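Presented below is the structure to which this report refers.
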Amino acid sequence: MKSHGSASIDRPEPLLERSLWRDRDFLTFWIGESLSLLGAQVTNLALPLTAILAFDATDEQVGLLRFLQLAPYLGLALLIGVWTDRVKRKPLMLGANLARMTLLALVVLLYWFQALNLVTLLAIACAIGVASVVFDVSWMSYVPALVKSPARYVEAGAKMSISSSTADVAGPGIAGVLVSALTAPVALIVDAFSYALSVVSLLLIRTTEPRPRPAAKRHALTELRDGLRWVFGDRVLRALALIGFCCNFSMVTVWTMFLLYGTRDLQLSSTTLGGIFATASVGGLIGAMISGRVIARFRTGRVYLIAQSALLLGPTLIVLAMGPRPVMIAMFVLSFFTTYLGLGVAGVIIVSLRQALTPQSMMGRMTAVFRTLLFGGGALGGLTAGLLAGQIGARGALTLAAIGSVAVIAGLVASPVSRLRTLPTAPKEEPVG
């Protein structure tokens with residue numbers, strides 16, 4: 001990929017030329033997280049299906065389950081972001097994945113001993129969400145310290161996006177088969193095992209993570225305010241955060257509504273649902289694989305605008321789907337394919353911009369602000385989906401969601417991100433005060 005700016009020309013460094021394919025520690029981290037993401041896809045399908053199939057949960061209860069999985073991001077991400085800027089991130093990631101592994105294994109054990117109920121499942125889903133906040137805020141701050149060079153941020157982002165998209169492709173199909181063969185609760189053991197593998201991969205990393213400089217005479221609320229000011233004081237970061245909130249609200253709303261619509265209204269099997277998501281997710285894999293070349297060749301803002309617009313237009317195809325069942329399923333696949341393709345390309349740009357515009361000392365807080373907004377949007381989307389589906393039916397709710405998604409494109413066009421020509425190559429200096 002071509003570099004922009006004079007820094008990489010005037011002061012060449014061996015580190016900048018070193019491909020991440022030759023970085024043993026990054027590859028170890030990448031493999032471990034790829035397996036973890038694959039297992040997480042099983043959980044994303046198996047948890048709501050456990051509520052629906054095992055406990056005959058209502059639409060509102062399924063929406064509440066999805067909300068509780070993501071709600072910890074609303075209440076804890078900012079404080080955890082302050083914490084992660086004060087300590088090393090690797091121990092936090094280890095603890096978070098050990099917690100998620102234990103909680104998922106607990107669901108399986110309770111189910112086997114017929115002690116699992118809906119209230120317990122909701123509580124465990126929320127606890128998993130808390131551990132996920134710790135891990136997500138930590139790993140996105142840890143990668144720049146592991147990669148070290150801003151010139152490699154796009155490459156690292158593309159590789160992580162490929163992993164996410166590959167998990168999106170393989171995960172739902174595997175989940176559908178496992179749920180059909182083992183029942184939804186027992187299928188969660190696969191995710192527990194994936195977190196165990198992630199723990200092993202983290203333990204194998206040899207790169208020493210630098211200890212953050214102590215913040216003398218600083219308080220958590222002051223540092224939290226600094227993180228908010230950093231994101232909302234930068235017009236590019238602010239636009240990425242607000243548009244990201246809307247996009248995540250749309251995606252989780254549509255995903256939850258479609259799960260209810262497909263399961264209850266269309267009587268689709270878990271294998272068919274998994275197949276739809278798996279086939280459509282090839283779009284995300286393609287997007288992640290071509291993102292580097294596309295970003296290098298075309299204006300960054302234009303690529304971002306087109307990719308995000310595809311993500312937001314995807315839900316309209318679900319509403320338009322009608323006719324024989326094979327035709328409807330093909331339309332469902334095309335809808336999610338379009339959404340995932342846009343996400344695969346836009347995701348690399350978004351993460352690269354966030355990392356390039358933020359100094360390492362502010363990375364945890366910046367990430368926490370974004371995770372609060374992105375997953376807060378998802379949490380509210382899941383809750384909204386359950387409430388709307390319960391009131392007007394899943395199909396009517398999907399129509400409203402599609403209209404709302406299209407409306408967001410107006411804000412996307414006005415965004416300063418859509419006018420960027422290139423990606424920055426160096427982070428800003430740390431703010432004083």
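Here, A, B, ... name the chains of the structure tokens in the order displayed, residue numbers run from 1 inside each chain, and ligands are numbered from 1 in the same displayed order.
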
Using only C-alpha atoms, determine which residues lie at most 8 Å from range 135-143 of chain A, disregarding the query and same-chain residues fewer than 5 positions distant; provide the list as a PyMOL selection string.
chain A and resi 77+80-81+84+89-90+92-93+96-97+156+360+363-364+367-368+371

Please provide as a VMD selection string all residues within 10 Å of range 21-34 of chain A, with the sequence filter that same-chain residues fewer than 5 positions apart are discarded (counting only C-alpha atoms).
chain A and resid 39 to 40 139 143 146 to 147 155 to 156 159 to 167 194 to 207

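Interatomic distance, CA of Gly386 in chain A against CA of Asn117 in chain A: 19.5 Å.
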
Report as a ChimeraX atom specification all protein, DNA and RNA residues lying within 10 Å of Thr50 in chain A, evaluated on only C-alpha atoms, omitting residues in the same chain fewer than 2 positions from it.
/A:43,45-48,52-57,62,118,121,179,183-188

Using only C-alpha atoms, tabulate the residues of range 258-329 of chain A lying at most 9 Å from any atom of range 391-394 of chain A, each with its closest atom pair and that distance in Å to one decimal, by chain and increasing residue number, as JSON lines.
{"residue": "A:Phe258", "atom": "CA", "partner": "A:Ala394", "partner_atom": "CA", "distance": 7.1}
{"residue": "A:Leu259", "atom": "CA", "partner": "A:Ala394", "partner_atom": "CA", "distance": 9.0}
{"residue": "A:Leu260", "atom": "CA", "partner": "A:Ala394", "partner_atom": "CA", "distance": 6.5}
{"residue": "A:Tyr261", "atom": "CA", "partner": "A:Ala394", "partner_atom": "CA", "distance": 5.2}
{"residue": "A:Gly262", "atom": "CA", "partner": "A:Ala394", "partner_atom": "CA", "distance": 9.0}
{"residue": "A:Arg264", "atom": "CA", "partner": "A:Ala394", "partner_atom": "CA", "distance": 9.0}
{"residue": "A:Asp265", "atom": "CA", "partner": "A:Ala394", "partner_atom": "CA", "distance": 8.0}

Which residues come within 12 Å of Leu383 in chain A, counting only C-alpha atoms, excluding same-chain residues fewer than 6 positions away, as a list in words?
Asp59, Glu60, Gln61, Val62, Gly63, Leu64, Leu65, Arg66, Phe67, Leu68, Gln69, Leu70, Ala71, Phe249, Ser250, Val252, Thr253, Val254, Trp255, Thr256, Met257, Gly376, Gly377, Ala389 and Gly390 of chain A

Any idea what's packed within 6 Å of Leu313 in chain A, counting only C-alpha atoms, ignoring anything in its chain fewer than 3 positions away? Could you give it as a PyMOL selection string?
chain A and resi 310+316+406

Next, write the just-selected residues to a file, as an mmCIF file, in the first residue's frame, keeping N, CA and C atoms as the atom set.
data_model
loop_
_atom_site.group_PDB
_atom_site.id
_atom_site.type_symbol
_atom_site.label_atom_id
_atom_site.label_comp_id
_atom_site.auth_asym_id
_atom_site.auth_seq_id
_atom_site.Cartn_x
_atom_site.Cartn_y
_atom_site.Cartn_z
ATOM 1 N N ALA A 310 -23.671 1.571 1.457
ATOM 2 C CA ALA A 310 -24.068 0.182 1.182
ATOM 3 C C ALA A 310 -24.574 -0.486 2.453
ATOM 4 N N THR A 316 -33.129 -2.444 3.244
ATOM 5 C CA THR A 316 -34.301 -2.262 2.379
ATOM 6 C C THR A 316 -34.607 -3.525 1.574
ATOM 7 N N VAL A 406 -31.924 4.438 5.821
ATOM 8 C CA VAL A 406 -31.757 5.278 4.628
ATOM 9 C C VAL A 406 -31.610 6.747 5.020
#

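Distances here use only C-alpha atoms; by that measure, the residue among A:Ile276, A:Ile290, A:Leu353, A:Leu106 closest to Leu420 in chain A is A:Leu353.
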
For a test of reading the model, state the distance in Å between CA of Ala402 in chain A and CA of Ala175 in chain A, rounded to one decimal.
26.5 Å

One decimal, Å: what's the distance from CA of Ala105 in chain A over to CA of Thr263 in chain A, could you say?
25.8 Å
